[in-house]
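First up is the structure itself, then whatever we jot down about it.
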Amino acid sequence: MWRFIALTALGLMVAGAEAWARIASPWLRRGLAFLWVLEALMRPPPALPWPYAVHPAFEWLRRNPEPGAVIDAFADHTPGLHLSRVTVMATEYHRRPTLSGFTPFHPRWIEKLQRGRGLLFRDRPDWLGQHGFRFLVVHNPPPDWAKWGWPFPLERCFDPPPGPSPWGYPICIFRIPDRGEPEITNPWLLDGWSGPESWGIWAEGTEARALWLTDRLEEPLFLELVAFPFCQPGKIQRLEVFLNGSSLGAETFPDCQERTIRWRIPGGWARGVHELVFRFAYA
């Protein structure tokens with residue numbers, strides 16, 4: 001929105017100056033100037049004194065010795081991710097990474113976690129723990145917040161800070177249990193996967209997708225998989241892997257034995273988010 005305003009403001013200012021110059025009556029000019037000033041005085045921009053009060057919930061997170069990321073959510077009508085500048089500002093105080101971000105920027109992993117205005121953890125609460133999240137921070141919970149059935153134990157609810165603050169509302173913190181499953185943070189699993197187990201993870205369906213976050217790749221890398229099929233009589237499993245739409249290679253499993261697969265990833269990739277797609281002959 002602000003980028004659009006910045007681009008159009010220059011043209012609007014030039015057009016306004018041109019129209020202003022064509023107004024012959026000085027009284028009409030003064031009247032318009034008075035109305036513009038009056039509108040600005042009637043609608044002052046919101047402001048907070050500096051330094052503003054920090055929410056006690058963030059102080060508690062900063063002092064808590066347990067490592068782990070946070071996920072900010074709200075529960076006004078239906079649970080959803082809290083995507084706002086105040087969640088980004090909060091990281092300056094609790095010093096933890098957060099999944100939530102600024103409203104105009106919705107990475108694909110946020111789209112995965114938030115379906116409409118619901119949250120994936122309602123169906124798969126173990127998913128957050130497997131991705132390194134340890135605290136669910138619920139902003140401004142309503143009085144009947146318990147009816148949403150949060151699947152995590154409540155650590156504590158904090159009253160708003162006493163002074164002016166961007167977080168002038170209560171915040172409740174839930175603890176996301178660490179059940180000892182292996183953390184999967186890169187690649188970021190999207191669709192088509194079951195929950196991680198101690199030995200690895202099953203793919204579900206005929207296609208599974210993941211996001212791979214990388215720095216700039218100058219030299220070639222190798223993707224190495226240790227895999228075995230879920231055998232079905234009379235069927236031969238086949239796996240093909242694609243990186244950003246280009247095939248890295250394919251492997252056929254004529255039997256049920258485990259095998260190590262190694263595919264070369266050429267260099268020259270730009271820094272960013274890349275998509276890995278795993279396609280199977282049968283589910």
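Please note that chains go A, B, ... in the order of the structure tokens, that every chain numbers its residues from 1, and that ligands are numbered from 1 in the order shown.
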If we count only C-alpha atoms, what is near segment 60-69 of chain A at a cut-off of 6 Å, once residues fewer than 2 positions away on the same chain are taken out, given as a PDB file with all heavy atoms, in the first residue's frame?
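Written out: around_20.pdb:
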```pdb
ATOM      1  N   ALA A  57       5.055  -9.804  28.772  1.00  0.00           N
ATOM      2  CA  ALA A  57       5.171 -11.125  28.151  1.00  0.00           C
ATOM      3  C   ALA A  57       6.497 -11.271  27.413  1.00  0.00           C
ATOM      4  O   ALA A  57       7.119 -12.340  27.429  1.00  0.00           O
ATOM      5  CB  ALA A  57       4.003 -11.355  27.193  1.00  0.00           C
ATOM      6  N   PHE A  58       6.965 -10.191  26.781  1.00  0.00           N
ATOM      7  CA  PHE A  58       8.224 -10.260  26.048  1.00  0.00           C
ATOM      8  C   PHE A  58       9.412 -10.306  27.003  1.00  0.00           C
ATOM      9  O   PHE A  58      10.431 -10.942  26.701  1.00  0.00           O
ATOM     10  CB  PHE A  58       8.339  -9.071  25.101  1.00  0.00           C
ATOM     11  CG  PHE A  58       7.161  -8.932  24.165  1.00  0.00           C
ATOM     12  CD1 PHE A  58       6.698  -7.680  23.782  1.00  0.00           C
ATOM     13  CD2 PHE A  58       6.508 -10.050  23.683  1.00  0.00           C
ATOM     14  CE1 PHE A  58       5.617  -7.556  22.935  1.00  0.00           C
ATOM     15  CE2 PHE A  58       5.423  -9.935  22.831  1.00  0.00           C
ATOM     16  CZ  PHE A  58       4.975  -8.682  22.456  1.00  0.00           C
ATOM     17  N   HIS A  94      12.058  -9.654  22.903  1.00  0.00           N
ATOM     18  CA  HIS A  94      12.178 -11.027  23.411  1.00  0.00           C
ATOM     19  C   HIS A  94      13.334 -11.791  22.772  1.00  0.00           C
ATOM     20  O   HIS A  94      13.691 -12.877  23.228  1.00  0.00           O
ATOM     21  CB  HIS A  94      10.862 -11.793  23.263  1.00  0.00           C
ATOM     22  CG  HIS A  94      10.339 -11.931  21.867  1.00  0.00           C
ATOM     23  ND1 HIS A  94      11.031 -12.543  20.850  1.00  0.00           N
ATOM     24  CD2 HIS A  94       9.143 -11.562  21.327  1.00  0.00           C
ATOM     25  CE1 HIS A  94      10.309 -12.556  19.750  1.00  0.00           C
ATOM     26  NE2 HIS A  94       9.160 -11.954  20.003  1.00  0.00           N
ATOM     27  N   ARG A  96      13.813 -13.539  20.073  1.00  0.00           N
ATOM     28  CA  ARG A  96      13.564 -14.872  19.531  1.00  0.00           C
ATOM     29  C   ARG A  96      13.059 -14.751  18.096  1.00  0.00           C
ATOM     30  O   ARG A  96      12.352 -13.802  17.765  1.00  0.00           O
ATOM     31  CB  ARG A  96      12.525 -15.627  20.371  1.00  0.00           C
ATOM     32  CG  ARG A  96      12.989 -15.980  21.775  1.00  0.00           C
ATOM     33  CD  ARG A  96      11.873 -16.631  22.568  1.00  0.00           C
ATOM     34  NE  ARG A  96      12.286 -16.946  23.920  1.00  0.00           N
ATOM     35  CZ  ARG A  96      12.818 -18.106  24.291  1.00  0.00           C
ATOM     36  NH1 ARG A  96      12.975 -19.065  23.391  1.00  0.00           N
ATOM     37  NH2 ARG A  96      13.169 -18.313  25.545  1.00  0.00           N
ATOM     38  N   PRO A  97      13.404 -15.722  17.254  1.00  0.00           N
ATOM     39  CA  PRO A  97      12.828 -15.707  15.903  1.00  0.00           C
ATOM     40  C   PRO A  97      11.332 -15.969  15.966  1.00  0.00           C
ATOM     41  O   PRO A  97      10.840 -16.698  16.828  1.00  0.00           O
ATOM     42  CB  PRO A  97      13.568 -16.844  15.187  1.00  0.00           C
ATOM     43  CG  PRO A  97      14.065 -17.730  16.283  1.00  0.00           C
ATOM     44  CD  PRO A  97      14.330 -16.845  17.468  1.00  0.00           C
ATOM     45  N   THR A  98      10.601 -15.355  15.042  1.00  0.00           N
ATOM     46  CA  THR A  98       9.156 -15.540  14.983  1.00  0.00           C
ATOM     47  C   THR A  98       8.748 -15.902  13.567  1.00  0.00           C
ATOM     48  O   THR A  98       9.348 -15.425  12.589  1.00  0.00           O
ATOM     49  CB  THR A  98       8.413 -14.273  15.436  1.00  0.00           C
ATOM     50  OG1 THR A  98       6.994 -14.481  15.293  1.00  0.00           O
ATOM     51  CG2 THR A  98       8.800 -13.069  14.609  1.00  0.00           C
ATOM     52  N   GLY A 132      10.795 -26.561  15.418  1.00  0.00           N
ATOM     53  CA  GLY A 132      11.606 -25.739  16.301  1.00  0.00           C
ATOM     54  C   GLY A 132      10.867 -24.654  17.055  1.00  0.00           C
ATOM     55  O   GLY A 132      11.502 -23.819  17.702  1.00  0.00           O
ATOM     56  N   PHE A 133       9.522 -24.641  17.020  1.00  0.00           N
ATOM     57  CA  PHE A 133       8.767 -23.641  17.767  1.00  0.00           C
ATOM     58  C   PHE A 133       8.529 -24.140  19.190  1.00  0.00           C
ATOM     59  O   PHE A 133       8.206 -25.306  19.403  1.00  0.00           O
ATOM     60  CB  PHE A 133       7.428 -23.349  17.086  1.00  0.00           C
ATOM     61  CG  PHE A 133       7.574 -22.724  15.731  1.00  0.00           C
ATOM     62  CD1 PHE A 133       7.401 -23.475  14.585  1.00  0.00           C
ATOM     63  CD2 PHE A 133       7.908 -21.396  15.610  1.00  0.00           C
ATOM     64  CE1 PHE A 133       7.555 -22.904  13.332  1.00  0.00           C
ATOM     65  CE2 PHE A 133       8.063 -20.814  14.362  1.00  0.00           C
ATOM     66  CZ  PHE A 133       7.890 -21.570  13.223  1.00  0.00           C
ATOM     67  N   ARG A 134       8.674 -23.223  20.164  1.00  0.00           N
ATOM     68  CA  ARG A 134       8.515 -23.610  21.562  1.00  0.00           C
ATOM     69  C   ARG A 134       7.457 -22.797  22.292  1.00  0.00           C
ATOM     70  O   ARG A 134       6.997 -23.200  23.351  1.00  0.00           O
ATOM     71  CB  ARG A 134       9.855 -23.474  22.296  1.00  0.00           C
ATOM     72  CG  ARG A 134      10.860 -24.532  21.912  1.00  0.00           C
ATOM     73  CD  ARG A 134      10.394 -25.926  22.326  1.00  0.00           C
ATOM     74  NE  ARG A 134      11.221 -26.973  21.732  1.00  0.00           N
ATOM     75  CZ  ARG A 134      10.894 -27.644  20.638  1.00  0.00           C
ATOM     76  NH1 ARG A 134       9.751 -27.393  20.023  1.00  0.00           N
ATOM     77  NH2 ARG A 134      11.685 -28.566  20.154  1.00  0.00           N
TER      78      ARG A 134
END
```
What's the 9 Å shell around Leu217 of chain A, counting only C-alpha atoms, without same-chain residues fewer than 2 positions away, as a ChimeraX atom specification? /A:214-215,219-221,266-271
Hey, can you spit out that residue selection with C-alpha atoms as a CSV table (one decimal), in the first residue's frame?
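Written file, again07.csv:
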```csv
chain,number,residue,atom,x,y,z
A,214,THR,CA,19.6,-21.2,0.5
A,215,ASP,CA,22.3,-18.5,0.2
A,219,GLU,CA,29.4,-24.4,-6.5
A,220,PRO,CA,27.4,-27.6,-7.2
A,221,LEU,CA,25.8,-29.5,-4.3
A,266,PRO,CA,24.3,-27.5,-10.4
A,267,GLY,CA,25.7,-24.3,-9.1
A,268,GLY,CA,24.6,-20.8,-10.0
A,269,TRP,CA,21.4,-20.6,-8.0
A,270,ALA,CA,20.5,-17.2,-6.5
A,271,ARG,CA,19.9,-16.7,-2.8
```
Selected residue, from A:Thr91, A:Cys172, A:Pro166, A:Arg264, that lies nearest to Pro143 of chain A when counting only C-alpha atoms: A:Cys172
Contacts of segment 235-243 of chain A at 8 Å (only C-alpha atoms; same-chain gap of 3+ positions) as a PyMOL selection string: chain A and resi 229+231-232+246-255+274-282
Residues of the last selection are to be written out with N, CA, C and O atoms, as a PDB file, in the first residue's frame.
```pdb
ATOM      1  N   PRO A 229      10.704 -48.059  -0.416  1.00  0.00           N
ATOM      2  CA  PRO A 229       9.289 -47.898  -0.762  1.00  0.00           C
ATOM      3  C   PRO A 229       8.380 -48.648   0.205  1.00  0.00           C
ATOM      4  O   PRO A 229       8.801 -49.571   0.912  1.00  0.00           O
ATOM      5  N   CYS A 231       5.981 -51.194  -0.115  1.00  0.00           N
ATOM      6  CA  CYS A 231       5.762 -52.129  -1.220  1.00  0.00           C
ATOM      7  C   CYS A 231       4.302 -52.560  -1.321  1.00  0.00           C
ATOM      8  O   CYS A 231       3.626 -52.771  -0.310  1.00  0.00           O
ATOM      9  N   GLN A 232       3.854 -52.687  -2.564  1.00  0.00           N
ATOM     10  CA  GLN A 232       2.544 -53.242  -2.870  1.00  0.00           C
ATOM     11  C   GLN A 232       2.719 -54.315  -3.937  1.00  0.00           C
ATOM     12  O   GLN A 232       3.502 -54.129  -4.880  1.00  0.00           O
ATOM     13  N   SER A 246      12.686 -28.178 -12.606  1.00  0.00           N
ATOM     14  CA  SER A 246      13.645 -28.946 -13.408  1.00  0.00           C
ATOM     15  C   SER A 246      13.952 -30.266 -12.711  1.00  0.00           C
ATOM     16  O   SER A 246      14.204 -30.294 -11.500  1.00  0.00           O
ATOM     17  N   SER A 247      13.949 -31.341 -13.470  1.00  0.00           N
ATOM     18  CA  SER A 247      14.180 -32.663 -12.897  1.00  0.00           C
ATOM     19  C   SER A 247      15.640 -32.826 -12.479  1.00  0.00           C
ATOM     20  O   SER A 247      16.561 -32.542 -13.251  1.00  0.00           O
ATOM     21  N   LEU A 248      15.836 -33.284 -11.243  1.00  0.00           N
ATOM     22  CA  LEU A 248      17.184 -33.616 -10.771  1.00  0.00           C
ATOM     23  C   LEU A 248      17.546 -35.058 -11.083  1.00  0.00           C
ATOM     24  O   LEU A 248      18.726 -35.401 -11.187  1.00  0.00           O
ATOM     25  N   GLY A 249      16.543 -35.913 -11.195  1.00  0.00           N
ATOM     26  CA  GLY A 249      16.791 -37.314 -11.480  1.00  0.00           C
ATOM     27  C   GLY A 249      15.625 -38.169 -11.038  1.00  0.00           C
ATOM     28  O   GLY A 249      14.682 -37.697 -10.397  1.00  0.00           O
ATOM     29  N   ALA A 250      15.685 -39.435 -11.403  1.00  0.00           N
ATOM     30  CA  ALA A 250      14.629 -40.387 -11.058  1.00  0.00           C
ATOM     31  C   ALA A 250      15.274 -41.695 -10.626  1.00  0.00           C
ATOM     32  O   ALA A 250      16.389 -42.029 -11.031  1.00  0.00           O
ATOM     33  N   GLU A 251      14.554 -42.426  -9.795  1.00  0.00           N
ATOM     34  CA  GLU A 251      15.046 -43.705  -9.275  1.00  0.00           C
ATOM     35  C   GLU A 251      13.883 -44.686  -9.209  1.00  0.00           C
ATOM     36  O   GLU A 251      12.778 -44.342  -8.778  1.00  0.00           O
ATOM     37  N   THR A 252      14.143 -45.917  -9.647  1.00  0.00           N
ATOM     38  CA  THR A 252      13.144 -46.982  -9.602  1.00  0.00           C
ATOM     39  C   THR A 252      13.509 -47.963  -8.498  1.00  0.00           C
ATOM     40  O   THR A 252      14.686 -48.290  -8.305  1.00  0.00           O
ATOM     41  N   PHE A 253      12.493 -48.439  -7.781  1.00  0.00           N
ATOM     42  CA  PHE A 253      12.684 -49.391  -6.685  1.00  0.00           C
ATOM     43  C   PHE A 253      12.085 -50.738  -7.103  1.00  0.00           C
ATOM     44  O   PHE A 253      10.889 -50.966  -6.925  1.00  0.00           O
ATOM     45  N   PRO A 254      12.884 -51.639  -7.654  1.00  0.00           N
ATOM     46  CA  PRO A 254      12.338 -52.933  -8.080  1.00  0.00           C
ATOM     47  C   PRO A 254      12.015 -53.862  -6.912  1.00  0.00           C
ATOM     48  O   PRO A 254      11.310 -54.856  -7.089  1.00  0.00           O
ATOM     49  N   ASP A 255      12.536 -53.545  -5.717  1.00  0.00           N
ATOM     50  CA  ASP A 255      12.262 -54.368  -4.543  1.00  0.00           C
ATOM     51  C   ASP A 255      11.985 -53.445  -3.360  1.00  0.00           C
ATOM     52  O   ASP A 255      11.829 -52.234  -3.524  1.00  0.00           O
ATOM     53  N   HIS A 274      13.623 -21.994  -2.795  1.00  0.00           N
ATOM     54  CA  HIS A 274      13.484 -22.879  -3.946  1.00  0.00           C
ATOM     55  C   HIS A 274      12.525 -24.017  -3.590  1.00  0.00           C
ATOM     56  O   HIS A 274      12.438 -24.432  -2.435  1.00  0.00           O
ATOM     57  N   GLU A 275      11.827 -24.509  -4.601  1.00  0.00           N
ATOM     58  CA  GLU A 275      10.820 -25.548  -4.375  1.00  0.00           C
ATOM     59  C   GLU A 275      11.347 -26.909  -4.804  1.00  0.00           C
ATOM     60  O   GLU A 275      11.851 -27.075  -5.919  1.00  0.00           O
ATOM     61  N   LEU A 276      11.223 -27.879  -3.910  1.00  0.00           N
ATOM     62  CA  LEU A 276      11.527 -29.276  -4.200  1.00  0.00           C
ATOM     63  C   LEU A 276      10.215 -30.043  -4.294  1.00  0.00           C
ATOM     64  O   LEU A 276       9.362 -29.933  -3.408  1.00  0.00           O
ATOM     65  N   VAL A 277      10.052 -30.812  -5.361  1.00  0.00           N
ATOM     66  CA  VAL A 277       8.852 -31.623  -5.555  1.00  0.00           C
ATOM     67  C   VAL A 277       9.286 -33.076  -5.726  1.00  0.00           C
ATOM     68  O   VAL A 277      10.153 -33.383  -6.558  1.00  0.00           O
ATOM     69  N   PHE A 278       8.688 -33.966  -4.931  1.00  0.00           N
ATOM     70  CA  PHE A 278       8.961 -35.400  -4.989  1.00  0.00           C
ATOM     71  C   PHE A 278       7.712 -36.084  -5.555  1.00  0.00           C
ATOM     72  O   PHE A 278       6.632 -35.989  -4.955  1.00  0.00           O
ATOM     73  N   ARG A 279       7.852 -36.770  -6.677  1.00  0.00           N
ATOM     74  CA  ARG A 279       6.711 -37.433  -7.313  1.00  0.00           C
ATOM     75  C   ARG A 279       6.936 -38.939  -7.317  1.00  0.00           C
ATOM     76  O   ARG A 279       8.034 -39.415  -7.620  1.00  0.00           O
ATOM     77  N   PHE A 280       5.849 -39.659  -7.010  1.00  0.00           N
ATOM     78  CA  PHE A 280       5.910 -41.106  -6.854  1.00  0.00           C
ATOM     79  C   PHE A 280       4.949 -41.771  -7.839  1.00  0.00           C
ATOM     80  O   PHE A 280       3.934 -41.186  -8.234  1.00  0.00           O
ATOM     81  N   ALA A 281       5.269 -43.017  -8.190  1.00  0.00           N
ATOM     82  CA  ALA A 281       4.427 -43.752  -9.134  1.00  0.00           C
ATOM     83  C   ALA A 281       3.093 -44.129  -8.507  1.00  0.00           C
ATOM     84  O   ALA A 281       2.062 -44.169  -9.183  1.00  0.00           O
ATOM     85  N   TYR A 282       3.094 -44.436  -7.209  1.00  0.00           N
ATOM     86  CA  TYR A 282       1.840 -44.773  -6.530  1.00  0.00           C
ATOM     87  C   TYR A 282       1.948 -44.348  -5.074  1.00  0.00           C
ATOM     88  O   TYR A 282       3.036 -44.122  -4.545  1.00  0.00           O
TER      89      TYR A 282
END
```
Report, in Å to a single decimal, how far apart atom CA of Ser84 of chain A and atom CA of Pro153 of chain A are.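 One can read the atom CA of Pro153 of chain A to atom CA of Ser84 of chain A distance as 24.9 Å.
All residues of protein, DNA or RNA that reach within 10 Å of Gly163 of chain A, judged by only C-alpha atoms and not counting those fewer than 5 positions away in the chain, are A:Pro49, A:Tyr52, A:Ala53, A:Val54, A:His55, A:Gly168.
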Please produce a file of the residues just selected, as a PDB file, in the first residue's frame, where the atoms kept are N, CA, C and O atoms.
```
ATOM      1  N   PRO A  49       4.726   7.882  22.905  1.00  0.00           N
ATOM      2  CA  PRO A  49       5.939   8.476  23.477  1.00  0.00           C
ATOM      3  C   PRO A  49       7.098   7.492  23.411  1.00  0.00           C
ATOM      4  O   PRO A  49       6.909   6.273  23.416  1.00  0.00           O
ATOM      5  N   TYR A  52       8.521   3.691  24.690  1.00  0.00           N
ATOM      6  CA  TYR A  52       7.219   3.206  25.113  1.00  0.00           C
ATOM      7  C   TYR A  52       7.387   1.985  26.016  1.00  0.00           C
ATOM      8  O   TYR A  52       8.471   1.406  26.128  1.00  0.00           O
ATOM      9  N   ALA A  53       6.297   1.608  26.668  1.00  0.00           N
ATOM     10  CA  ALA A  53       6.338   0.498  27.624  1.00  0.00           C
ATOM     11  C   ALA A  53       6.406  -0.837  26.881  1.00  0.00           C
ATOM     12  O   ALA A  53       5.667  -1.065  25.917  1.00  0.00           O
ATOM     13  N   VAL A  54       7.290  -1.711  27.337  1.00  0.00           N
ATOM     14  CA  VAL A  54       7.439  -3.047  26.752  1.00  0.00           C
ATOM     15  C   VAL A  54       6.493  -4.002  27.467  1.00  0.00           C
ATOM     16  O   VAL A  54       6.326  -3.934  28.690  1.00  0.00           O
ATOM     17  N   HIS A  55       5.885  -4.885  26.713  1.00  0.00           N
ATOM     18  CA  HIS A  55       4.936  -5.819  27.309  1.00  0.00           C
ATOM     19  C   HIS A  55       5.666  -6.810  28.215  1.00  0.00           C
ATOM     20  O   HIS A  55       6.728  -7.337  27.845  1.00  0.00           O
ATOM     21  N   GLY A 168      -1.001  -2.668  23.911  1.00  0.00           N
ATOM     22  CA  GLY A 168      -1.857  -2.284  25.026  1.00  0.00           C
ATOM     23  C   GLY A 168      -2.996  -3.252  25.245  1.00  0.00           C
ATOM     24  O   GLY A 168      -4.164  -2.852  25.329  1.00  0.00           O
TER      25      GLY A 168
END
```
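With only C-alpha atoms as the atoms that count, the residue of A:Phe135, A:Gln130, A:Thr87, A:Trp50 with the shortest distance to Val70 of chain A is A:Phe135.
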Given only C-alpha atoms as the counted atoms, nearest of A:Pro177, A:Gly200, A:Gly192, A:Pro170 to Trp145 of chain A: A:Pro170
Excluding His82 of chain A and residues on its chain fewer than 4 positions from it, collect all residues at most 8 Å away from it, counting only C-alpha atoms, and give them as an NGL selection string. :A and (72-74 or 87 or 100-101 or 139)
For the structure I just gave you, how does DSSP split segment 189-218 of chain A - specifically, which residues are strand (DSSP E or B)? Reply as a list in words.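 The strand (DSSP E or B) residues within segment 189-218 of chain A come out as Leu189, Trp193, Ala203, Glu207, Ala208, Arg209, Ala210, Leu211, Trp212, Leu213, Thr214 and Leu217 of chain A.
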Now that the selection is made, can you save its residues with all heavy atoms as a JSON list (two decimals), in the first residue's frame?
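Resulting contents of out_14.json:
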```json
[["chain", "number", "residue", "atom", "x", "y", "z"],
["A", 189, "LEU", "N", 8.96, -28.48, 5.07],
["A", 189, "LEU", "CA", 8.01, -29.40, 4.47],
["A", 189, "LEU", "C", 6.66, -28.73, 4.28],
["A", 189, "LEU", "O", 6.12, -28.12, 5.20],
["A", 189, "LEU", "CB", 7.86, -30.65, 5.34],
["A", 189, "LEU", "CG", 9.15, -31.41, 5.65],
["A", 189, "LEU", "CD1", 8.84, -32.66, 6.45],
["A", 189, "LEU", "CD2", 9.91, -31.75, 4.38],
["A", 193, "TRP", "N", 3.41, -34.90, 3.39],
["A", 193, "TRP", "CA", 4.29, -35.57, 4.34],
["A", 193, "TRP", "C", 3.51, -35.97, 5.59],
["A", 193, "TRP", "O", 2.60, -35.28, 6.02],
["A", 193, "TRP", "CB", 5.45, -34.67, 4.76],
["A", 193, "TRP", "CG", 6.24, -34.12, 3.62],
["A", 193, "TRP", "CD1", 6.10, -32.89, 3.04],
["A", 193, "TRP", "CD2", 7.29, -34.77, 2.91],
["A", 193, "TRP", "NE1", 7.00, -32.73, 2.02],
["A", 193, "TRP", "CE2", 7.75, -33.88, 1.92],
["A", 193, "TRP", "CE3", 7.90, -36.03, 3.02],
["A", 193, "TRP", "CZ2", 8.77, -34.20, 1.03],
["A", 193, "TRP", "CZ3", 8.92, -36.35, 2.15],
["A", 193, "TRP", "CH2", 9.34, -35.44, 1.17],
["A", 203, "ALA", "N", 6.34, -40.19, 3.03],
["A", 203, "ALA", "CA", 5.61, -39.32, 2.11],
["A", 203, "ALA", "C", 4.22, -39.89, 1.92],
["A", 203, "ALA", "O", 4.02, -41.11, 1.92],
["A", 203, "ALA", "CB", 6.33, -39.24, 0.76],
["A", 207, "GLU", "N", 2.59, -37.07, -4.54],
["A", 207, "GLU", "CA", 3.45, -35.89, -4.66],
["A", 207, "GLU", "C", 3.65, -35.26, -3.29],
["A", 207, "GLU", "O", 2.70, -35.13, -2.52],
["A", 207, "GLU", "CB", 2.85, -34.86, -5.63],
["A", 207, "GLU", "CG", 3.72, -33.64, -5.84],
["A", 207, "GLU", "CD", 3.18, -32.70, -6.91],
["A", 207, "GLU", "OE1", 3.18, -33.09, -8.09],
["A", 207, "GLU", "OE2", 2.75, -31.58, -6.55],
["A", 208, "ALA", "N", 4.87, -34.90, -3.00],
["A", 208, "ALA", "CA", 5.20, -34.20, -1.75],
["A", 208, "ALA", "C", 6.08, -33.01, -2.11],
["A", 208, "ALA", "O", 6.94, -33.10, -2.99],
["A", 208, "ALA", "CB", 5.93, -35.14, -0.78],
["A", 209, "ARG", "N", 5.86, -31.89, -1.41],
["A", 209, "ARG", "CA", 6.57, -30.65, -1.73],
["A", 209, "ARG", "C", 7.28, -30.11, -0.49],
["A", 209, "ARG", "O", 6.83, -30.29, 0.63],
["A", 209, "ARG", "CB", 5.61, -29.60, -2.29],
["A", 209, "ARG", "CG", 4.92, -30.02, -3.57],
["A", 209, "ARG", "CD", 4.09, -28.90, -4.16],
["A", 209, "ARG", "NE", 3.08, -28.44, -3.22],
["A", 209, "ARG", "CZ", 3.01, -27.19, -2.77],
["A", 209, "ARG", "NH1", 3.89, -26.28, -3.17],
["A", 209, "ARG", "NH2", 2.06, -26.84, -1.93],
["A", 210, "ALA", "N", 8.38, -29.41, -0.75],
["A", 210, "ALA", "CA", 9.14, -28.77, 0.32],
["A", 210, "ALA", "C", 9.79, -27.51, -0.23],
["A", 210, "ALA", "O", 10.00, -27.38, -1.45],
["A", 210, "ALA", "CB", 10.20, -29.72, 0.88],
["A", 211, "LEU", "N", 10.10, -26.58, 0.67],
["A", 211, "LEU", "CA", 10.81, -25.36, 0.31],
["A", 211, "LEU", "C", 12.23, -25.44, 0.87],
["A", 211, "LEU", "O", 12.44, -25.83, 2.01],
["A", 211, "LEU", "CB", 10.10, -24.12, 0.86],
["A", 211, "LEU", "CG", 8.70, -23.85, 0.32],
["A", 211, "LEU", "CD1", 8.14, -22.59, 0.96],
["A", 211, "LEU", "CD2", 8.71, -23.72, -1.19],
["A", 212, "TRP", "N", 13.18, -25.04, 0.06],
["A", 212, "TRP", "CA", 14.59, -25.08, 0.43],
["A", 212, "TRP", "C", 15.13, -23.65, 0.42],
["A", 212, "TRP", "O", 15.12, -22.99, -0.62],
["A", 212, "TRP", "CB", 15.35, -25.96, -0.56],
["A", 212, "TRP", "CG", 16.81, -26.11, -0.28],
["A", 212, "TRP", "CD1", 17.41, -26.16, 0.94],
["A", 212, "TRP", "CD2", 17.86, -26.25, -1.25],
["A", 212, "TRP", "NE1", 18.76, -26.32, 0.81],
["A", 212, "TRP", "CE2", 19.07, -26.38, -0.53],
["A", 212, "TRP", "CE3", 17.89, -26.28, -2.63],
["A", 212, "TRP", "CZ2", 20.29, -26.52, -1.16],
["A", 212, "TRP", "CZ3", 19.11, -26.44, -3.26],
["A", 212, "TRP", "CH2", 20.29, -26.56, -2.53],
["A", 213, "LEU", "N", 15.56, -23.17, 1.58],
["A", 213, "LEU", "CA", 16.09, -21.81, 1.72],
["A", 213, "LEU", "C", 17.61, -21.86, 1.64],
["A", 213, "LEU", "O", 18.25, -22.60, 2.39],
["A", 213, "LEU", "CB", 15.66, -21.19, 3.06],
["A", 213, "LEU", "CG", 14.21, -20.72, 3.19],
["A", 213, "LEU", "CD1", 13.23, -21.88, 3.16],
["A", 213, "LEU", "CD2", 14.03, -19.93, 4.47],
["A", 214, "THR", "N", 18.19, -21.09, 0.73],
["A", 214, "THR", "CA", 19.63, -21.15, 0.51],
["A", 214, "THR", "C", 20.22, -19.76, 0.37],
["A", 214, "THR", "O", 19.54, -18.79, 0.02],
["A", 214, "THR", "CB", 19.97, -21.93, -0.78],
["A", 214, "THR", "OG1", 19.55, -21.17, -1.92],
["A", 214, "THR", "CG2", 19.28, -23.27, -0.81],
["A", 217, "LEU", "N", 24.30, -20.02, -4.38],
["A", 217, "LEU", "CA", 25.05, -21.25, -4.62],
["A", 217, "LEU", "C", 25.98, -21.06, -5.82],
["A", 217, "LEU", "O", 25.53, -21.02, -6.97],
["A", 217, "LEU", "CB", 24.10, -22.41, -4.88],
["A", 217, "LEU", "CG", 23.13, -22.77, -3.74],
["A", 217, "LEU", "CD1", 22.24, -23.92, -4.17],
["A", 217, "LEU", "CD2", 23.91, -23.14, -2.49]]
```
